[in-house]
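Structure file data.cif (mmCIF, C-alpha atoms and all ligand atoms) follows.
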data_upload
#
loop_
_atom_site.group_PDB
_atom_site.id
_atom_site.type_symbol
_atom_site.label_atom_id
_atom_site.label_comp_id
_atom_site.auth_asym_id
_atom_site.auth_seq_id
_atom_site.Cartn_x
_atom_site.Cartn_y
_atom_site.Cartn_z
ATOM 1 C CA MET G 63 103.808 83.992 102.447
ATOM 2 C CA ASN G 64 102.415 87.382 103.493
ATOM 3 C CA LEU G 65 103.747 90.817 102.665
ATOM 4 C CA VAL G 66 104.791 92.239 106.045
ATOM 5 C CA ILE G 67 106.487 95.640 106.067
ATOM 6 C CA ALA G 68 108.389 96.808 109.162
ATOM 7 C CA VAL G 69 109.134 100.526 109.397
ATOM 8 C CA ASP G 70 111.305 101.629 112.312
ATOM 9 C CA GLY G 71 113.057 104.858 113.177
ATOM 10 C CA PRO G 72 113.259 107.790 115.568
ATOM 11 C CA ALA G 73 110.618 110.413 116.364
ATOM 12 C CA ALA G 74 109.592 112.716 113.485
ATOM 13 C CA SER G 75 111.681 110.829 110.928
ATOM 14 C CA GLY G 76 108.720 110.505 108.547
ATOM 15 C CA LYS G 77 108.276 106.789 109.272
ATOM 16 C CA GLY G 78 104.578 107.177 110.155
ATOM 17 C CA THR G 79 103.714 108.947 106.917
ATOM 18 C CA ILE G 80 105.772 106.494 104.894
ATOM 19 C CA ALA G 81 104.159 103.506 106.629
ATOM 20 C CA ALA G 82 100.645 104.886 106.073
ATOM 21 C CA ARG G 83 101.329 105.471 102.369
ATOM 22 C CA LEU G 84 102.889 102.043 101.907
ATOM 23 C CA ALA G 85 99.802 100.512 103.529
ATOM 24 C CA GLN G 86 97.568 102.437 101.132
ATOM 25 C CA THR G 87 99.670 101.486 98.105
ATOM 26 C CA TYR G 88 99.677 97.761 98.891
ATOM 27 C CA GLY G 89 96.165 97.637 100.362
ATOM 28 C CA LEU G 90 97.427 96.474 103.758
ATOM 29 C CA PRO G 91 96.258 97.261 107.295
ATOM 30 C CA HIS G 92 98.583 99.609 109.188
ATOM 31 C CA LEU G 93 99.445 99.720 112.880
ATOM 32 C CA ASP G 94 101.240 102.754 114.319
ATOM 33 C CA THR G 95 102.666 101.015 117.390
ATOM 34 C CA GLY G 96 103.717 104.347 118.948
ATOM 35 C CA LEU G 97 100.014 104.952 119.594
ATOM 36 C CA LEU G 98 99.899 101.938 121.914
ATOM 37 C CA TYR G 99 102.724 103.328 124.061
ATOM 38 C CA ARG G 100 101.204 106.831 123.912
ATOM 39 C CA ALA G 101 97.844 105.510 125.147
ATOM 40 C CA VAL G 102 99.531 103.619 127.985
ATOM 41 C CA GLY G 103 101.615 106.664 128.985
ATOM 42 C CA LEU G 104 98.591 108.961 129.064
ATOM 43 C CA LYS G 105 96.514 106.478 131.045
ATOM 44 C CA VAL G 106 99.250 106.217 133.675
ATOM 45 C CA VAL G 107 99.366 110.018 133.980
ATOM 46 C CA ARG G 108 95.569 110.383 134.061
ATOM 47 C CA ASP G 109 95.236 107.695 136.727
ATOM 48 C CA GLY G 110 97.678 109.644 138.883
ATOM 49 C CA HIS G 111 100.539 107.131 138.783
ATOM 50 C CA ALA G 112 104.208 107.921 138.250
ATOM 51 C CA LEU G 113 105.601 107.056 134.806
ATOM 52 C CA ASP G 114 108.333 104.981 136.427
ATOM 53 C CA ASP G 115 105.726 102.836 138.229
ATOM 54 C CA GLU G 116 106.227 99.700 136.126
ATOM 55 C CA ALA G 117 103.356 97.724 137.703
ATOM 56 C CA ALA G 118 100.840 100.536 137.090
ATOM 57 C CA ALA G 119 102.089 100.985 133.510
ATOM 58 C CA ALA G 120 101.908 97.229 132.824
ATOM 59 C CA ALA G 121 98.326 97.137 134.171
ATOM 60 C CA ALA G 122 97.451 100.038 131.830
ATOM 61 C CA ALA G 123 99.049 98.140 128.927
ATOM 62 C CA ARG G 124 97.098 94.956 129.707
ATOM 63 C CA SER G 125 93.788 96.843 129.806
ATOM 64 C CA LEU G 126 94.470 98.772 126.587
ATOM 65 C CA VAL G 127 91.706 98.748 123.962
ATOM 66 C CA PRO G 128 93.478 99.400 120.642
ATOM 67 C CA ALA G 129 90.345 100.316 118.643
ATOM 68 C CA GLY G 130 89.994 104.031 117.927
ATOM 69 C CA LEU G 131 93.500 105.106 118.966
ATOM 70 C CA ALA G 132 94.249 106.571 115.528
ATOM 71 C CA GLU G 133 91.336 108.997 115.924
ATOM 72 C CA ASP G 134 92.304 110.150 119.425
ATOM 73 C CA GLU G 135 93.769 113.671 119.110
ATOM 74 C CA ARG G 136 95.107 113.620 122.685
ATOM 75 C CA LEU G 137 97.654 110.990 121.664
ATOM 76 C CA THR G 138 99.345 113.366 119.195
ATOM 77 C CA THR G 139 100.665 115.778 121.831
ATOM 78 C CA GLY G 140 104.267 116.167 122.963
ATOM 79 C CA GLU G 141 103.162 115.212 126.467
ATOM 80 C CA ALA G 142 101.830 111.878 125.178
ATOM 81 C CA GLY G 143 105.049 111.236 123.219
ATOM 82 C CA GLU G 144 107.202 111.909 126.239
ATOM 83 C CA ALA G 145 105.010 109.728 128.496
ATOM 84 C CA ALA G 146 105.123 106.984 125.838
ATOM 85 C CA SER G 147 108.891 107.045 125.682
ATOM 86 C CA ARG G 148 109.052 106.742 129.491
ATOM 87 C CA VAL G 149 106.661 103.784 129.853
ATOM 88 C CA ALA G 150 108.196 102.092 126.797
ATOM 89 C CA GLY G 151 111.331 101.430 128.820
ATOM 90 C CA HIS G 152 109.503 99.022 131.155
ATOM 91 C CA PRO G 153 109.942 95.381 130.055
ATOM 92 C CA ALA G 154 106.527 94.472 131.585
ATOM 93 C CA VAL G 155 104.831 97.082 129.383
ATOM 94 C CA ARG G 156 106.587 95.808 126.259
ATOM 95 C CA SER G 157 105.638 92.205 126.968
ATOM 96 C CA ALA G 158 102.008 93.192 127.672
ATOM 97 C CA LEU G 159 101.834 94.784 124.191
ATOM 98 C CA LEU G 160 103.793 92.066 122.374
ATOM 99 C CA GLU G 161 101.024 89.606 121.523
ATOM 100 C CA LEU G 162 98.690 92.224 120.097
ATOM 101 C CA GLN G 163 101.409 93.551 117.792
ATOM 102 C CA GLN G 164 102.588 90.108 116.709
ATOM 103 C CA ALA G 165 99.010 89.056 115.934
ATOM 104 C CA PHE G 166 98.597 92.192 113.818
ATOM 105 C CA ALA G 167 101.786 91.386 111.900
ATOM 106 C CA ALA G 168 100.721 87.764 111.360
ATOM 107 C CA GLN G 169 97.222 88.408 110.023
ATOM 108 C CA PRO G 170 96.403 86.737 106.706
ATOM 109 C CA GLY G 171 97.148 89.035 103.788
ATOM 110 C CA GLY G 172 99.979 90.887 105.507
ATOM 111 C CA ALA G 173 100.412 94.207 107.302
ATOM 112 C CA VAL G 174 102.490 97.344 107.750
ATOM 113 C CA LEU G 175 103.714 98.247 111.252
ATOM 114 C CA ASP G 176 105.788 101.220 112.306
ATOM 115 C CA GLY G 177 107.648 101.792 115.559
ATOM 116 C CA ARG G 178 111.068 101.237 117.100
ATOM 117 C CA ASP G 179 111.407 97.443 117.422
ATOM 118 C CA ILE G 180 109.259 96.057 114.588
ATOM 119 C CA GLY G 181 112.129 94.644 112.520
ATOM 120 C CA THR G 182 114.041 93.407 115.560
ATOM 121 C CA VAL G 183 111.405 92.039 118.000
ATOM 122 C CA ILE G 184 107.823 92.201 116.718
ATOM 123 C CA ALA G 185 108.273 90.923 113.164
ATOM 124 C CA PRO G 186 111.851 89.682 112.696
ATOM 125 C CA GLU G 187 110.673 87.674 109.655
ATOM 126 C CA ALA G 188 109.127 90.702 107.904
ATOM 127 C CA THR G 189 109.380 90.734 104.115
ATOM 128 C CA ALA G 190 110.739 94.278 104.006
ATOM 129 C CA LYS G 191 112.439 96.227 106.772
ATOM 130 C CA LEU G 192 113.105 99.938 106.624
ATOM 131 C CA PHE G 193 114.914 102.086 109.140
ATOM 132 C CA VAL G 194 113.843 105.658 108.438
ATOM 133 C CA THR G 195 115.890 108.447 109.933
ATOM 134 C CA ALA G 196 116.943 112.078 109.429
ATOM 135 C CA ALA G 197 119.251 114.538 111.188
ATOM 136 C CA PRO G 198 117.821 115.644 114.563
ATOM 137 C CA GLU G 199 117.725 119.302 113.434
ATOM 138 C CA VAL G 200 115.648 118.388 110.396
ATOM 139 C CA ARG G 201 113.271 116.222 112.412
ATOM 140 C CA ALA G 202 112.865 118.986 114.996
ATOM 141 C CA GLU G 203 112.133 121.486 112.238
ATOM 142 C CA ARG G 204 109.473 119.243 110.651
ATOM 143 C CA ARG G 205 107.746 118.648 113.969
ATOM 144 C CA TRP G 206 108.019 122.353 114.859
ATOM 145 C CA LYS G 207 106.362 123.370 111.575
ATOM 146 C CA GLN G 208 103.571 120.823 112.102
ATOM 147 C CA LEU G 209 102.856 122.196 115.567
ATOM 148 C CA ASN G 210 103.046 125.804 114.353
ATOM 149 C CA ALA G 211 100.529 125.027 111.625
ATOM 150 C CA ARG G 212 98.180 123.815 114.352
ATOM 151 C CA GLY G 213 98.676 127.050 116.285
ATOM 152 C CA ILE G 214 100.843 125.428 118.970
ATOM 153 C CA GLU G 215 103.795 127.635 119.897
ATOM 154 C CA ILE G 216 107.020 126.040 121.034
ATOM 155 C CA ALA G 217 110.611 127.286 120.803
ATOM 156 C CA PHE G 218 112.656 125.457 118.164
ATOM 157 C CA GLU G 219 115.461 124.867 120.682
ATOM 158 C CA ASP G 220 113.014 123.137 123.041
ATOM 159 C CA MET G 221 111.742 120.972 120.187
ATOM 160 C CA LEU G 222 115.292 119.940 119.291
ATOM 161 C CA ALA G 223 116.144 119.168 122.919
ATOM 162 C CA ASP G 224 112.971 117.082 123.168
ATOM 163 C CA ILE G 225 113.884 115.093 120.034
ATOM 164 C CA ARG G 226 117.421 114.446 121.271
ATOM 165 C CA ARG G 227 116.186 113.332 124.693
ATOM 166 C CA ARG G 228 113.666 110.953 123.116
ATOM 167 C CA ASP G 229 116.355 109.487 120.806
ATOM 168 C CA GLU G 230 118.691 108.910 123.700
ATOM 169 C CA ARG G 231 116.065 107.268 125.872
ATOM 170 C CA ASP G 232 114.605 105.090 123.086
ATOM 171 C CA ALA G 233 118.017 103.932 121.836
ATOM 172 C CA GLY G 234 119.609 103.612 125.272
ATOM 173 C CA ARG G 235 117.068 101.431 127.080
ATOM 174 C CA GLY G 236 117.756 97.788 127.867
ATOM 175 C CA ALA G 237 114.402 96.403 126.648
ATOM 176 C CA ALA G 238 114.026 96.297 122.854
ATOM 177 C CA PRO G 239 116.037 99.474 122.199
ATOM 178 C CA MET G 240 115.552 101.420 118.985
ATOM 179 C CA ILE G 241 118.167 99.981 116.672
ATOM 180 C CA GLN G 242 118.415 99.289 112.976
ATOM 181 C CA ALA G 243 117.872 95.568 112.347
ATOM 182 C CA GLU G 244 120.846 93.949 110.606
ATOM 183 C CA ASP G 245 118.776 93.231 107.532
ATOM 184 C CA ALA G 246 116.914 96.572 107.476
ATOM 185 C CA VAL G 247 117.568 99.123 104.734
ATOM 186 C CA LEU G 248 118.534 102.585 105.984
ATOM 187 C CA LEU G 249 116.495 105.423 104.516
ATOM 188 C CA ASP G 250 117.934 108.805 105.483
ATOM 189 C CA THR G 251 115.355 111.466 104.627
ATOM 190 C CA THR G 252 117.429 114.469 105.775
ATOM 191 C CA ASP G 253 117.593 115.926 102.262
ATOM 192 C CA MET G 254 114.328 114.502 100.940
ATOM 193 C CA GLY G 255 110.805 115.788 100.696
ATOM 194 C CA ILE G 256 107.991 113.374 101.498
ATOM 195 C CA GLU G 257 107.452 112.374 97.835
ATOM 196 C CA ALA G 258 111.110 111.457 97.310
ATOM 197 C CA ALA G 259 111.181 109.624 100.638
ATOM 198 C CA PHE G 260 108.065 107.650 99.762
ATOM 199 C CA ASP G 261 109.434 106.724 96.307
ATOM 200 C CA ALA G 262 112.641 105.489 97.925
ATOM 201 C CA ALA G 263 110.632 103.482 100.461
ATOM 202 C CA ARG G 264 108.551 101.883 97.740
ATOM 203 C CA ARG G 265 111.664 100.873 95.820
ATOM 204 C CA ILE G 266 113.038 99.206 98.963
ATOM 205 C CA VAL G 267 109.787 97.273 99.371
ATOM 206 C CA GLU G 268 109.725 96.287 95.673
ATOM 207 C CA THR G 269 113.275 94.926 95.904
ATOM 208 C CA ALA G 270 112.336 92.923 99.010
ATOM 209 C CA ARG G 271 109.167 91.601 97.360
ATOM 210 C CA ALA G 272 111.097 90.436 94.313
ATOM 211 C CA ARG G 273 113.622 88.691 96.558
ATOM 212 C CA HIS G 274 110.810 86.859 98.354
ATOM 213 C CA GLY G 275 108.908 86.113 95.137
ATOM 214 C CA LEU G 276 105.878 88.077 96.354
HETATM 215 O O1 LIG E 301 106.564 106.784 117.200
HETATM 216 P P1 LIG E 301 106.063 107.623 118.364
HETATM 217 O O2 LIG E 301 106.738 108.964 118.485
HETATM 218 O O3 LIG E 301 104.578 107.748 118.372
HETATM 219 O O4 LIG E 301 106.453 106.773 119.684
HETATM 220 C C1 LIG E 301 106.282 107.290 120.978
HETATM 221 C C2 LIG E 301 107.223 106.569 121.924
HETATM 222 O O5 LIG E 301 106.802 105.216 122.093
HETATM 223 C C3 LIG E 301 108.666 106.491 121.483
HETATM 224 O O6 LIG E 301 109.428 107.600 121.948
HETATM 225 C C4 LIG E 301 109.156 105.184 122.038
HETATM 226 C C5 LIG E 301 107.920 104.341 122.195
HETATM 227 N N1 LIG E 301 107.802 103.262 121.192
HETATM 228 C C6 LIG E 301 108.498 102.103 121.415
HETATM 229 O O7 LIG E 301 109.258 102.029 122.389
HETATM 230 N N2 LIG E 301 108.367 101.040 120.572
HETATM 231 C C7 LIG E 301 107.573 101.125 119.500
HETATM 232 N N3 LIG E 301 107.451 100.058 118.689
HETATM 233 C C8 LIG E 301 106.870 102.329 119.238
HETATM 234 C C9 LIG E 301 107.013 103.389 120.090
#

The structure in this file should be written as structure tokens.
Ligand code: DC
Amino acid sequence: MNLVIAVDGPAASGKGTIAARLAQTYGLPHLDTGLLYRAVGLKVVRDGHALDDEAAAAAAARSLVPAGLAEDERLTTGEAGEAASRVAGHPAVRSALLELQQAFAAQPGGAVLDGRDIGTVIAPEATAKLFVTAAPEVRAERRWKQLNARGIEIAFEDMLADIRRRDERDAGRGAAPMIQAEDAVLLDTTDMGIEAAFDAARRIVETARARHGL
């Protein structure tokens, strides 16, 4: 049996950092599935289609080349995140990206994936499932500081409104909504720094490994 770690949660919860560090700790490949939706959203915009054009978005998803996405700076913008959240609501987009993600999760030796529906849809049999969250104000503040450090100016209130809108859309959609899997462990990082959050995440994984005899 492989060690498969599913890390889900809302925008700016710290799930990406936690997933990347878990992957490093256990020597596993890591897939940030948000990048797939971000790449699809940006392609739709660049090709001049509307984000609610499901057929155009599904075609973009089918033609997606996943290599190199992690190095693409354009995918880190707020515009890409917003476009991602919009195209992610289309069932045809989700099904076009399903196989790729499931194959990543099933590779020999195991894997770490982070996103919104990893523990529920992509890898329901994952060894360890974490649902990482934090209060919206705290997530907005973290994201705001990150952007500020990169010289990008945005009003905190706008950042918070953006986070709340994303949460609502991601959790409220019909297709694979963001939801904590029944057997996922909730990790609320509101009052934690990244070190404490990572330690807590590792303990959750260790408990799951012991339970699975891995
Ligand atoms: O994790 P992120 O902020 O990069 O994700 C961007 C958007 O992509 C998010 O608002 C919803 C969508 N997404 C999704 O629907 N399912 C996933 N597994 C990952 C991301």

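You can rank G:Leu137, G:Ala190, G:Ala211, G:Val149 by their closest distance to Ala173 of chain G using all atoms listed in the file, and at the top of that list sits G:Ala190.
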
Task: Minimum-distance residue to Ala272 of chain G, chosen among G:Thr189, G:Val69, G:Glu144, G:Phe260 (using only C-alpha atoms) - done: G:Thr189

TODO: Name the residues, by chain letter and number, that sit within 9 Å of ligand LIG 301 (chain E) using only C-alpha atoms and all ligand atoms, and give them as a PyMOL selection string.
DONE: chain G and resi 70-74+77-78+94-100+103+137-138+140+142-151+156+163+175-180+183-184+225+228-229+231-233+237-240

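When only C-alpha atoms are used to compute distances to Leu276 of chain G, the closest of the residues G:Gly172, G:Pro186, G:Pro198, G:Gly76 turns out to be G:Gly172.
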
Open item on the list: Take the PyMOL selection byres (((chain G and resi 204) around 12) and not hetatm), run it mentally on this structure, and tell me the resulting residues as a list in words.
Closed with: Ala73, Ala74, Ser75, Gly76, Ala196, Ala197, Pro198, Glu199, Val200, Arg201, Ala202, Glu203, Arg205, Trp206, Lys207, Gln208, Leu209, Asn210, Ala211, Phe218, Met221, Leu222, Ile225, Thr251, Thr252, Met254, Gly255 and Ile256 of chain G

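The interatomic distance for the pair atom CA of Gln86 of chain G and atom CA of Ala258 of chain G works out to 16.7 Å.
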
Task: Which residue of G:Leu162, G:Ile216, G:Leu192, G:Leu131 approaches Glu244 of chain G most closely, using all atoms listed in the file - done: G:Leu192

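Shortest atom-to-atom contact with Ala81 of chain G among G:Met63, G:Val194, G:Ala270, G:Leu248: G:Val194, counting only C-alpha atoms.
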